[in-house]
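Asker: mmCIF, C-alpha atoms, file structure-v5.cif:
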```
data_target
loop_
_atom_site.label_atom_id
_atom_site.label_comp_id
_atom_site.auth_asym_id
_atom_site.auth_seq_id
_atom_site.Cartn_x
_atom_site.Cartn_y
_atom_site.Cartn_z
CA MET O 267 0.00 0.00 0.00
CA HIS O 268 2.94 2.30 0.57
CA GLU O 269 4.79 1.18 -2.56
CA MET O 270 4.38 4.65 -4.08
CA GLY O 271 6.30 6.24 -1.21
CA ILE O 272 8.95 3.56 -1.46
CA ALA O 273 9.27 4.09 -5.22
CA LEU O 274 9.73 7.82 -4.58
CA GLN O 275 12.48 7.10 -2.05
CA ILE O 276 14.22 4.81 -4.53
CA VAL O 277 14.17 7.54 -7.19
CA GLN O 278 15.52 10.07 -4.70
CA ILE O 279 18.36 7.84 -3.51
CA ALA O 280 19.26 6.71 -7.03
CA ALA O 281 19.31 10.27 -8.37
CA ALA O 282 21.48 11.37 -5.45
CA SER O 283 23.89 8.51 -6.11
CA ILE O 284 24.86 9.78 -9.57
CA PRO O 285 28.42 11.10 -9.11
CA VAL O 286 28.70 14.90 -9.36
CA GLU O 287 31.05 14.71 -12.35
CA MET O 288 28.41 12.70 -14.22
CA LYS O 289 25.56 15.09 -13.56
CA GLY O 290 22.81 14.71 -16.14
CA ALA O 291 23.61 11.06 -16.86
CA LYS O 292 20.69 8.74 -17.32
CA VAL O 293 20.09 5.91 -14.90
CA LEU O 294 19.51 2.74 -16.90
CA GLY O 295 18.82 0.35 -14.08
CA VAL O 296 18.30 0.10 -10.33
CA LYS O 297 18.99 -3.09 -8.41
CA ILE O 298 17.14 -3.50 -5.17
CA LYS O 299 16.83 -6.26 -2.60
CA VAL O 300 13.44 -6.95 -1.10
CA GLY O 301 13.11 -9.43 1.72
CA LYS O 302 10.13 -11.75 1.55
CA LEU O 303 9.08 -10.58 4.99
CA ALA O 304 9.13 -6.91 3.94
CA ALA O 305 5.69 -5.39 3.54
CA VAL O 306 6.29 -4.71 -0.15
CA VAL O 307 4.61 -6.29 -3.16
CA PRO O 308 7.16 -6.40 -6.01
CA ASP O 309 4.55 -6.01 -8.78
CA SER O 310 3.01 -2.96 -7.11
CA LEU O 311 6.46 -1.50 -6.60
CA ARG O 312 7.28 -1.97 -10.33
CA PHE O 313 4.02 -0.29 -11.28
CA CYS O 314 4.70 2.68 -8.99
CA PHE O 315 8.31 2.91 -10.13
CA GLU O 316 7.15 3.29 -13.76
CA ILE O 317 4.97 6.21 -12.76
CA VAL O 318 7.30 8.11 -10.44
CA THR O 319 10.34 7.85 -12.72
CA GLN O 320 8.64 9.84 -15.49
CA GLU O 321 10.53 13.06 -16.22
CA THR O 322 13.43 12.09 -13.95
CA PRO O 323 16.93 10.81 -14.81
CA LEU O 324 15.42 7.37 -14.17
CA SER O 325 12.74 7.57 -16.87
CA GLU O 326 14.38 4.72 -18.81
CA ALA O 327 15.55 2.73 -15.82
CA ARG O 328 14.67 -0.93 -15.29
CA LEU O 329 13.90 -1.96 -11.74
CA GLU O 330 15.60 -5.23 -10.89
CA ILE O 331 14.20 -6.78 -7.76
CA GLU O 332 16.09 -9.54 -6.00
CA GLU O 333 13.81 -11.26 -3.53
CA ILE O 334 15.61 -12.38 -0.39
CA PRO O 335 14.37 -15.48 1.43
CA VAL O 336 13.53 -15.39 5.11
CA VAL O 337 16.32 -17.17 6.96
CA ALA O 338 16.30 -17.65 10.70
CA ARG O 339 18.70 -19.06 13.28
CA CYS O 340 17.73 -20.70 16.52
CA LYS O 341 19.26 -19.00 19.55
CA HIS O 342 18.94 -22.24 21.43
CA CYS O 343 20.39 -24.98 19.18
CA HIS O 344 22.00 -22.61 16.61
CA SER O 345 20.55 -24.39 13.57
CA SER O 346 19.43 -22.16 10.73
CA TRP O 347 16.70 -22.70 8.14
CA GLU O 348 14.59 -20.93 5.54
CA ILE O 349 11.13 -19.89 6.68
CA LYS O 350 8.64 -20.51 3.90
CA GLU O 351 5.41 -20.38 5.90
CA PRO O 352 4.44 -18.06 8.70
CA ALA O 353 5.78 -20.32 11.43
CA PHE O 354 8.64 -18.89 13.45
CA ALA O 355 9.76 -21.68 15.75
CA CYS O 356 12.87 -23.79 15.33
CA PRO O 357 12.05 -26.94 13.31
CA SER O 358 14.89 -28.83 15.04
CA CYS O 359 14.33 -28.13 18.73
CA GLY O 360 11.00 -26.28 18.75
CA SER O 361 12.39 -23.19 20.49
CA GLY O 362 10.65 -19.90 19.76
CA SER O 363 13.74 -17.92 20.58
CA ILE O 364 15.00 -17.20 17.09
CA GLU O 365 16.88 -14.56 15.22
CA ILE O 366 15.86 -13.44 11.72
CA LEU O 367 19.04 -13.38 9.61
CA SER O 368 17.48 -12.18 6.37
CA GLY O 369 14.12 -11.41 4.83
CA ARG O 370 13.49 -7.86 6.10
CA GLU O 371 15.63 -6.17 3.42
CA LEU O 372 14.47 -3.14 1.52
CA ASP O 373 17.79 -1.97 0.15
CA ILE O 374 19.10 -0.28 -2.95
CA ASP O 375 22.10 -2.32 -4.00
CA SER O 376 23.38 -0.47 -7.07
CA ILE O 377 22.46 1.71 -10.01
CA GLU O 378 23.50 1.34 -13.62
CA ILE O 379 24.18 4.63 -15.37
CA GLU O 380 24.94 5.37 -18.99
CA GLU O 381 28.63 5.44 -19.96
CA PRO O 382 29.85 9.02 -20.12
CA GLU O 383 30.76 9.78 -23.74
CA HIS O 384 33.88 11.79 -23.06
CA LEU O 385 35.38 8.86 -21.17
CA ASN O 386 34.64 6.52 -24.09
CA HIS O 387 36.30 8.87 -26.58
CA SER O 388 39.44 9.34 -24.57
CA GLY O 389 39.73 5.62 -24.04
CA ASN O 390 39.94 5.95 -20.28
CA VAL O 391 37.39 3.32 -19.43
CA MET Q 265 28.56 1.56 -15.58
CA GLU Q 266 27.45 0.17 -12.26
CA ILE Q 267 27.64 2.26 -9.12
CA LYS Q 268 27.31 0.55 -5.76
CA VAL Q 269 24.81 2.30 -3.53
CA VAL Q 270 23.99 -0.15 -0.71
CA ARG Q 271 21.51 1.94 1.23
CA LYS Q 272 18.29 1.16 2.96
CA VAL Q 273 15.38 2.58 1.02
CA LEU Q 274 13.82 3.79 4.26
CA ASP Q 275 17.03 5.06 5.84
CA VAL Q 276 15.70 8.63 6.00
CA ASN Q 277 12.79 7.37 8.09
CA GLU Q 278 15.07 5.22 10.21
CA ARG Q 279 17.39 8.12 10.99
CA MET Q 280 14.47 10.33 11.91
CA ALA Q 281 13.01 7.55 14.08
CA GLN Q 282 16.32 7.27 15.91
CA GLN Q 283 16.30 11.03 16.53
CA ASN Q 284 12.75 10.78 17.88
CA ARG Q 285 13.81 7.91 20.15
CA GLU Q 286 16.71 9.91 21.56
CA TYR Q 287 14.48 12.94 22.07
CA PHE Q 288 11.81 10.96 23.92
CA THR Q 289 14.40 9.07 25.96
CA LYS Q 290 16.00 12.32 27.08
CA GLN Q 291 12.61 13.46 28.36
CA GLY Q 292 11.97 10.12 30.06
CA ILE Q 293 8.94 9.36 27.89
CA TYR Q 294 8.00 5.81 27.03
CA VAL Q 295 6.47 5.61 23.54
CA LEU Q 296 4.04 2.86 22.56
CA ASN Q 297 2.97 2.38 18.94
CA ILE Q 298 -0.49 0.79 18.73
CA MET Q 299 -1.48 -0.78 15.44
CA SER Q 300 -4.41 -2.79 14.11
CA SER Q 301 -6.82 -3.12 11.22
CA PRO Q 302 -9.56 -0.51 11.02
CA GLY Q 303 -12.33 -1.17 13.50
CA SER Q 304 -10.58 -3.51 15.91
CA GLY Q 305 -11.10 -1.09 18.78
CA LYS Q 306 -7.83 0.83 19.26
CA THR Q 307 -9.55 4.05 20.24
CA THR Q 308 -11.91 2.40 22.72
CA LEU Q 309 -9.02 0.42 24.20
CA LEU Q 310 -7.11 3.68 24.61
CA GLU Q 311 -10.05 5.56 26.13
CA LYS Q 312 -10.56 2.86 28.72
CA THR Q 313 -6.85 2.43 29.37
CA LEU Q 314 -6.36 6.16 29.90
CA ALA Q 315 -9.29 6.28 32.31
CA ARG Q 316 -7.57 3.59 34.37
CA ILE Q 317 -3.99 4.81 34.35
CA SER Q 318 -3.91 8.57 33.93
CA SER Q 319 -3.92 9.24 37.69
CA GLU Q 320 -0.69 7.24 38.16
CA ILE Q 321 0.99 7.45 34.72
CA LYS Q 322 0.86 10.82 33.02
CA SER Q 323 -0.03 10.11 29.41
CA ALA Q 324 -0.46 11.82 26.07
CA VAL Q 325 -1.68 10.56 22.70
CA ILE Q 326 -0.84 11.07 19.06
CA VAL Q 327 -3.60 9.64 16.92
CA GLY Q 328 -3.26 9.03 13.21
CA ASP Q 329 -6.02 8.77 10.65
CA ILE Q 330 -6.25 9.60 7.00
CA CYS Q 331 -9.11 12.05 7.68
CA THR Q 332 -11.25 13.47 10.52
CA THR Q 333 -10.49 14.38 14.13
CA ASN Q 334 -13.17 12.01 15.50
CA ASP Q 335 -10.71 9.84 17.43
CA ALA Q 336 -8.88 12.79 18.94
CA ASP Q 337 -12.19 14.30 20.03
CA ARG Q 338 -13.10 11.06 21.79
CA LEU Q 339 -9.70 10.71 23.44
CA ALA Q 340 -9.56 14.37 24.55
CA LYS Q 341 -12.59 13.69 26.75
CA THR Q 342 -10.36 11.53 28.96
CA GLY Q 343 -8.51 14.73 29.89
CA VAL Q 344 -5.09 13.85 28.45
CA SER Q 345 -3.43 15.94 25.78
CA VAL Q 346 -4.11 14.60 22.33
CA VAL Q 347 -2.96 15.58 18.90
CA GLN Q 348 -4.57 14.28 15.75
CA VAL Q 349 -2.46 13.70 12.67
CA ASN Q 350 -4.33 13.50 9.40
CA THR Q 351 -2.11 11.84 6.87
CA ASP Q 352 -4.06 13.39 3.98
CA GLU Q 353 -1.74 16.36 4.56
CA PHE Q 354 1.13 13.97 3.92
CA GLY Q 355 -0.37 12.40 0.79
CA GLY Q 356 -2.96 10.20 2.52
CA ASP Q 357 -0.35 7.83 3.85
CA CYS Q 358 -1.50 4.48 5.12
CA HIS Q 359 0.86 4.67 8.13
CA LEU Q 360 2.53 7.19 10.42
CA ALA Q 361 6.16 7.87 9.55
CA ALA Q 362 8.86 9.21 11.85
CA HIS Q 363 8.79 12.79 10.53
CA VAL Q 364 5.04 12.96 11.20
CA ILE Q 365 5.63 11.95 14.82
CA GLU Q 366 8.31 14.59 15.20
CA LYS Q 367 5.90 17.26 13.99
CA ALA Q 368 3.02 15.99 16.12
CA ALA Q 369 5.17 15.75 19.26
CA GLY Q 370 6.01 19.43 18.79
CA GLN Q 371 2.32 20.25 19.21
CA LEU Q 372 1.98 18.39 22.51
CA ASP Q 373 2.86 19.60 25.95
CA LEU Q 374 5.19 16.75 26.90
CA LYS Q 375 6.31 18.20 30.22
CA GLY Q 376 6.03 15.55 32.91
CA ILE Q 377 4.64 12.97 30.46
CA ASP Q 378 5.61 9.36 31.24
CA LEU Q 379 3.81 7.56 28.45
CA LEU Q 380 3.04 8.61 24.91
CA PHE Q 381 0.59 6.43 23.01
CA VAL Q 382 0.69 6.57 19.26
CA GLU Q 383 -2.50 5.26 17.70
CA ASN Q 384 -1.39 4.41 14.19
CA VAL Q 385 -3.52 4.47 11.04
CA GLY Q 386 -5.72 1.35 10.89
CA ASN Q 387 -3.75 -1.03 8.67
CA LEU Q 388 -1.88 -4.26 9.37
CA VAL Q 389 0.61 -3.93 6.50
CA CYS Q 390 2.45 -0.65 6.14
CA PRO Q 391 2.82 0.55 9.75
CA ALA Q 392 4.81 -2.63 10.48
CA GLU Q 393 7.54 -1.40 8.17
CA PHE Q 394 7.94 2.11 9.62
CA ASP Q 395 9.89 2.75 12.79
CA ILE Q 396 8.60 5.94 14.43
CA GLY Q 397 10.99 6.03 17.36
CA GLU Q 398 8.80 4.03 19.72
CA ASN Q 399 9.95 1.79 22.58
CA ALA Q 400 7.48 -0.98 21.85
CA LYS Q 401 4.76 -1.91 19.40
CA VAL Q 402 1.40 -3.45 20.20
CA VAL Q 403 -1.01 -5.03 17.74
CA VAL Q 404 -4.74 -5.10 18.48
CA ILE Q 405 -6.97 -7.69 16.83
CA SER Q 406 -10.57 -8.38 17.59
CA VAL Q 407 -12.61 -11.55 17.64
CA THR Q 408 -14.77 -10.25 14.79
CA GLU Q 409 -11.79 -10.68 12.46
CA GLY Q 410 -10.44 -13.95 11.05
CA GLU Q 411 -8.46 -16.25 13.35
CA ASP Q 412 -5.76 -16.39 10.66
CA LYS Q 413 -4.87 -12.68 10.78
CA PRO Q 414 -1.46 -13.44 12.34
CA LEU Q 415 -0.65 -15.80 9.46
CA LYS Q 416 -1.81 -13.31 6.85
CA TYR Q 417 0.19 -10.42 8.32
CA PRO Q 418 3.24 -12.15 9.78
CA LEU Q 419 5.50 -9.08 9.71
CA MET Q 420 3.09 -7.13 11.93
CA PHE Q 421 2.94 -9.94 14.48
CA ARG Q 422 6.72 -10.45 14.32
CA VAL Q 423 7.62 -6.83 14.98
CA CYS Q 424 5.17 -6.35 17.85
CA ASP Q 425 6.06 -6.84 21.51
CA ALA Q 426 2.55 -7.63 22.69
CA ALA Q 427 -0.90 -8.31 21.27
CA VAL Q 428 -4.36 -7.40 22.49
CA LEU Q 429 -7.25 -9.68 21.54
CA ASN Q 430 -10.22 -7.34 21.83
CA LYS Q 431 -14.02 -7.67 21.95
CA ILE Q 432 -13.90 -10.97 23.86
CA ASP Q 433 -17.35 -10.20 25.28
CA LEU Q 434 -18.70 -11.13 21.83
CA LEU Q 435 -17.25 -14.65 21.89
CA PRO Q 436 -20.52 -16.36 22.95
CA TYR Q 437 -22.27 -14.93 19.87
CA LEU Q 438 -19.60 -15.78 17.31
CA ASP Q 439 -18.23 -18.82 15.60
CA TYR Q 440 -14.77 -17.76 16.59
CA GLU Q 441 -12.03 -20.22 17.52
CA ARG Q 442 -10.22 -18.41 20.31
CA ASN Q 443 -7.63 -21.19 20.61
CA ALA Q 444 -6.90 -21.00 16.89
CA VAL Q 445 -5.99 -17.32 17.02
CA LEU Q 446 -3.81 -17.83 20.09
CA GLU Q 447 -2.11 -20.74 18.33
CA ASN Q 448 -1.54 -18.62 15.21
CA ILE Q 449 -0.05 -15.78 17.23
CA LYS Q 450 2.24 -18.29 18.90
CA LYS Q 451 3.30 -19.69 15.52
CA VAL Q 452 4.35 -16.29 14.24
CA HIS Q 453 5.73 -14.87 17.48
CA PRO Q 454 6.32 -17.51 20.13
CA GLY Q 455 6.33 -16.10 23.63
CA MET Q 456 4.67 -12.77 22.82
CA PRO Q 457 2.22 -11.76 25.56
CA VAL Q 458 -1.43 -11.68 24.49
CA PHE Q 459 -3.99 -9.72 26.53
CA GLU Q 460 -7.58 -10.83 26.13
CA ILE Q 461 -9.77 -7.81 26.67
CA SER Q 462 -13.18 -6.37 26.08
CA ALA Q 463 -12.56 -2.65 25.88
CA THR Q 464 -16.23 -1.70 25.78
CA LYS Q 465 -17.19 -3.92 28.73
CA GLY Q 466 -14.02 -3.24 30.70
CA ILE Q 467 -13.01 -6.92 30.91
CA GLY Q 468 -9.43 -8.21 31.22
CA PHE Q 469 -7.66 -4.89 31.77
CA GLU Q 470 -5.51 -5.84 34.75
CA PRO Q 471 -2.74 -7.84 33.06
CA TRP Q 472 -2.56 -5.24 30.27
CA ILE Q 473 -2.27 -2.32 32.68
CA LYS Q 474 0.33 -4.22 34.69
CA TRP Q 475 2.37 -4.83 31.52
CA LEU Q 476 2.13 -1.13 30.61
CA ARG Q 477 3.19 -0.06 34.09
CA ASN Q 478 6.20 -2.39 33.97
CA GLN Q 479 7.21 -1.11 30.56
CA VAL Q 480 7.04 2.53 31.65
CA ASN Q 481 8.85 1.90 34.94
CA ARG Q 482 11.62 -0.03 33.27
CA LYS Q 483 12.32 2.95 31.04
CA LYS Q 484 12.12 5.46 33.84
CA ALA Q 485 14.40 3.53 36.16
CA PRO Q 486 17.79 4.59 34.71
CA ARG Q 487 16.83 8.27 34.65
#
```
Take the structure in the file and write it out as C-alpha cells.
Answerer:
Amino acid sequence: MHEMGIALQIVQIAAASIPVEMKGAKVLGVKIKVGKLAAVVPDSLRFCFEIVTQETPLSEARLEIEEIPVVARCKHCHSSWEIKEPAFACPSCGSGSIEILSGRELDIDSIEIEEPEHLNHSGNV
Amino acid sequence: MEIKVVRKVLDVNERMAQQNREYFTKQGIYVLNIMSSPGSGKTTLLEKTLARISSEIKSAVIVGDICTTNDADRLAKTGVSVVQVNTDEFGGDCHLAAHVIEKAAGQLDLKGIDLLFVENVGNLVCPAEFDIGENAKVVVISVTEGEDKPLKYPLMFRVCDAAVLNKIDLLPYLDYERNAVLENIKKVHPGMPVFEISATKGIGFEPWIKWLRNQVNRKKAPR
C-alpha cells in the first residue's frame, strides 16, 4: 500500500547517487533487494516505479528486484533454516527464541548509469 | 557503468526515528505504537486504558487517521493531551512515519509525560515497516476478524512486543475459535504476551495495565 512512497524514495536515492562529475547522466537500471518478509509487493512496486520515474533521470531505468528469502537461526540450538510459511519456531528443537538473519531487506544495491561519452572517446574506461 | 549504492530505502525514516527515540528518551517518555486493522477497537481500548492509568501514569496521545479528528475528540474527553495527525496532509499515507511523529510531538505539551501512546492508522501492513521512534509496538486484533490474521500479516505480528485480543465479550455470539488465534499468534511470534480484553465492557484490563506499568517503569528507572 505504501509502494508509491517507497518508489519515490528509490528515485531520490538513485538520483542522489549519480556522481557529481556525471551530472545529467541517465540511470539505466536500479537493483534493489526486497526481503520476503518486507511489507512490499514487487509487482506494485514496479508499477509505482514506472509512474514516479517519469521526467526524472530514471525515466528509462529498469527496476531489478532480487527477492531475499527469510532465513532464521535458533538462539537455542543454533541451527538455521529458511522460513517458507508463517511459522517462526525452530524446526529442530521447537524453540521460539530465534533470530531473523534475512528477509526484512528493503535496500538499494546499485544503479547502472549510462557510460559518459567523453570517457569513451578518450579511451579511459 | 554500475555504481554501488547499498543503502536502505527507508534510511531517511530510520534516521528520523532514531532522533525521535533519543528525544523521547532524554525526556523520560516511554512511547508505545499501537497498530491494528480498522475497527478492531484501538480508540476504545485507549479511552478505557487512559481512564484507568492517567492518575498514576501521566499520558499523552498522538492519533493518526487519513481524515477526521473524530478519534482525537473522543480521546480528549479523557482529559489527556491529544494531537490528531491527518495523513491526507502527507499524501494520505497508510501509516505514520517518523517525521510525522516529530511534527506531532512538537504540538503536545510533553512536560512531565511518562507515556506517549501513538495510535497508528488502521492497517496491518504498512505501519509494520515504519519505525517511528517508539519503545514498543502493540497489535490489536478483535474476535470479529479472522483467526488467521497473524498468518496473513506475519510481519506485523513479528515486529510487535505484545498483542491485544479485543471484543472478547462477543465470543458467545460468534463462531470464533479463540484457541486458533492464540495458536496462530504463537506460531508467528512464540512467547509474545497476548492480553484478552473487552474494551467496551471493561473486561481483562488488569494484566494489560500491569504490563504497561512495567514497561514505563523499566524505562524510567535509569533516569
Asker: Could you please determine the separation between CA of Lys451 in chain Q and CA of Trp472 in chain Q in Å, to one decimal place?
Answerer: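 Interatomic distance here is 21.5 Å.
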Asker: Would you mind listing, as a VMD selection string, all residues of chain O that have at least one atom within 6 Å of chain Q, where all atoms listed in the file are what counts?
Answerer: chain O and resid 352 to 354 362 372 to 379 381
Asker: Go through Q:Ile317, Q:Val445, Q:Ala361, Q:Leu310 one by one, measure the shortest atom-to-atom distance of each to Leu339 in chain Q using all atoms listed in the file, and give the residue with the smallest value.
Answerer: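 Nearest to Leu339 in chain Q: Q:Leu310.
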Asker: For this structure, which residues satisfy the selection - the PyMOL selection byres ((chain Q and resi 300) around 12) - when it is evaluated on the file as given? I want them as a PyMOL selection string.
Answerer: chain Q and resi 297-299+301-307+309+328+358-359+382-392+401-406+409+413-414+417+420-421+424+427-430
Asker: Determine the residue membership of the PyMOL selection byres ((chain O and resi 357) around 12) for the file above and supply it as a VMD selection string.
Answerer: (chain O and resid 338 to 340 342 to 351 353 to 356 358 to 364) or (chain Q and resid 451)
Asker: How would the residues just chosen look if you wrote them out with C-alpha atoms as an mmCIF file, keeping the file's coordinate frame?
Answerer:
```cif
data_model
loop_
_atom_site.group_PDB
_atom_site.id
_atom_site.type_symbol
_atom_site.label_atom_id
_atom_site.label_comp_id
_atom_site.auth_asym_id
_atom_site.auth_seq_id
_atom_site.Cartn_x
_atom_site.Cartn_y
_atom_site.Cartn_z
ATOM 1 C CA ALA O 338 16.300 -17.650 10.700
ATOM 2 C CA ARG O 339 18.700 -19.060 13.280
ATOM 3 C CA CYS O 340 17.730 -20.700 16.520
ATOM 4 C CA HIS O 342 18.940 -22.240 21.430
ATOM 5 C CA CYS O 343 20.390 -24.980 19.180
ATOM 6 C CA HIS O 344 22.000 -22.610 16.610
ATOM 7 C CA SER O 345 20.550 -24.390 13.570
ATOM 8 C CA SER O 346 19.430 -22.160 10.730
ATOM 9 C CA TRP O 347 16.700 -22.700 8.140
ATOM 10 C CA GLU O 348 14.590 -20.930 5.540
ATOM 11 C CA ILE O 349 11.130 -19.890 6.680
ATOM 12 C CA LYS O 350 8.640 -20.510 3.900
ATOM 13 C CA GLU O 351 5.410 -20.380 5.900
ATOM 14 C CA ALA O 353 5.780 -20.320 11.430
ATOM 15 C CA PHE O 354 8.640 -18.890 13.450
ATOM 16 C CA ALA O 355 9.760 -21.680 15.750
ATOM 17 C CA CYS O 356 12.870 -23.790 15.330
ATOM 18 C CA SER O 358 14.890 -28.830 15.040
ATOM 19 C CA CYS O 359 14.330 -28.130 18.730
ATOM 20 C CA GLY O 360 11.000 -26.280 18.750
ATOM 21 C CA SER O 361 12.390 -23.190 20.490
ATOM 22 C CA GLY O 362 10.650 -19.900 19.760
ATOM 23 C CA SER O 363 13.740 -17.920 20.580
ATOM 24 C CA ILE O 364 15.000 -17.200 17.090
ATOM 25 C CA LYS Q 451 3.300 -19.690 15.520
#
```
Asker: Mind completing range 353-379 of chain O with N, CA and C atoms? Output as a short mmCIF file (atom, residue, chain, number, x, y, z; two decimals), keeping the file's coordinate frame, please?
Answerer:
```
data_model
loop_
_atom_site.label_atom_id
_atom_site.label_comp_id
_atom_site.auth_asym_id
_atom_site.auth_seq_id
_atom_site.Cartn_x
_atom_site.Cartn_y
_atom_site.Cartn_z
N ALA O 353 5.57 -19.59 10.18
CA ALA O 353 5.78 -20.32 11.43
C ALA O 353 7.21 -20.03 11.86
N PHE O 354 7.34 -19.41 13.04
CA PHE O 354 8.64 -18.89 13.45
C PHE O 354 9.19 -19.59 14.68
N ALA O 355 9.11 -20.92 14.67
CA ALA O 355 9.76 -21.68 15.75
C ALA O 355 10.78 -22.61 15.11
N CYS O 356 11.79 -22.96 15.87
CA CYS O 356 12.87 -23.79 15.33
C CYS O 356 12.34 -25.18 14.97
N PRO O 357 12.54 -25.62 13.70
CA PRO O 357 12.05 -26.94 13.31
C PRO O 357 12.86 -28.07 13.96
N SER O 358 14.08 -27.77 14.42
CA SER O 358 14.89 -28.83 15.04
C SER O 358 14.54 -29.05 16.50
N CYS O 359 14.52 -27.94 17.28
CA CYS O 359 14.33 -28.13 18.73
C CYS O 359 13.02 -27.52 19.24
N GLY O 360 12.30 -26.82 18.35
CA GLY O 360 11.00 -26.28 18.75
C GLY O 360 11.06 -24.96 19.50
N SER O 361 12.27 -24.43 19.73
CA SER O 361 12.39 -23.19 20.49
C SER O 361 11.81 -22.02 19.70
N GLY O 362 11.20 -21.08 20.41
CA GLY O 362 10.65 -19.90 19.76
C GLY O 362 11.61 -18.74 19.83
N SER O 363 12.76 -18.99 20.43
CA SER O 363 13.74 -17.92 20.58
C SER O 363 14.65 -17.94 19.35
N ILE O 364 14.26 -17.15 18.35
CA ILE O 364 15.00 -17.20 17.09
C ILE O 364 15.43 -15.81 16.66
N GLU O 365 16.35 -15.82 15.72
CA GLU O 365 16.88 -14.56 15.22
C GLU O 365 16.64 -14.57 13.71
N ILE O 366 16.09 -13.49 13.16
CA ILE O 366 15.86 -13.44 11.72
C ILE O 366 17.15 -12.93 11.06
N LEU O 367 17.77 -13.77 10.23
CA LEU O 367 19.04 -13.38 9.61
C LEU O 367 18.81 -12.59 8.32
N SER O 368 17.78 -12.95 7.58
CA SER O 368 17.48 -12.18 6.37
C SER O 368 15.99 -12.27 6.08
N GLY O 369 15.53 -11.38 5.21
CA GLY O 369 14.12 -11.41 4.83
C GLY O 369 13.40 -10.10 5.11
N ARG O 370 14.10 -9.17 5.83
CA ARG O 370 13.49 -7.86 6.10
C ARG O 370 14.05 -6.78 5.18
N GLU O 371 14.93 -7.17 4.23
CA GLU O 371 15.63 -6.17 3.42
C GLU O 371 14.68 -5.29 2.60
N LEU O 372 15.08 -4.05 2.48
CA LEU O 372 14.47 -3.14 1.52
C LEU O 372 15.61 -2.18 1.19
N ASP O 373 16.53 -2.68 0.37
CA ASP O 373 17.79 -1.97 0.15
C ASP O 373 18.02 -1.67 -1.32
N ILE O 374 18.62 -0.54 -1.59
CA ILE O 374 19.10 -0.28 -2.95
C ILE O 374 20.52 -0.81 -3.00
N ASP O 375 20.78 -1.71 -3.91
CA ASP O 375 22.10 -2.32 -4.00
C ASP O 375 23.00 -1.49 -4.92
N SER O 376 22.54 -1.23 -6.14
CA SER O 376 23.38 -0.47 -7.07
C SER O 376 22.52 0.18 -8.14
N ILE O 377 23.14 1.13 -8.84
CA ILE O 377 22.46 1.71 -10.01
C ILE O 377 23.37 1.55 -11.22
N GLU O 378 22.75 1.45 -12.37
CA GLU O 378 23.50 1.34 -13.62
C GLU O 378 23.28 2.67 -14.34
N ILE O 379 24.39 3.38 -14.64
CA ILE O 379 24.18 4.63 -15.37
C ILE O 379 24.88 4.59 -16.71
#
```
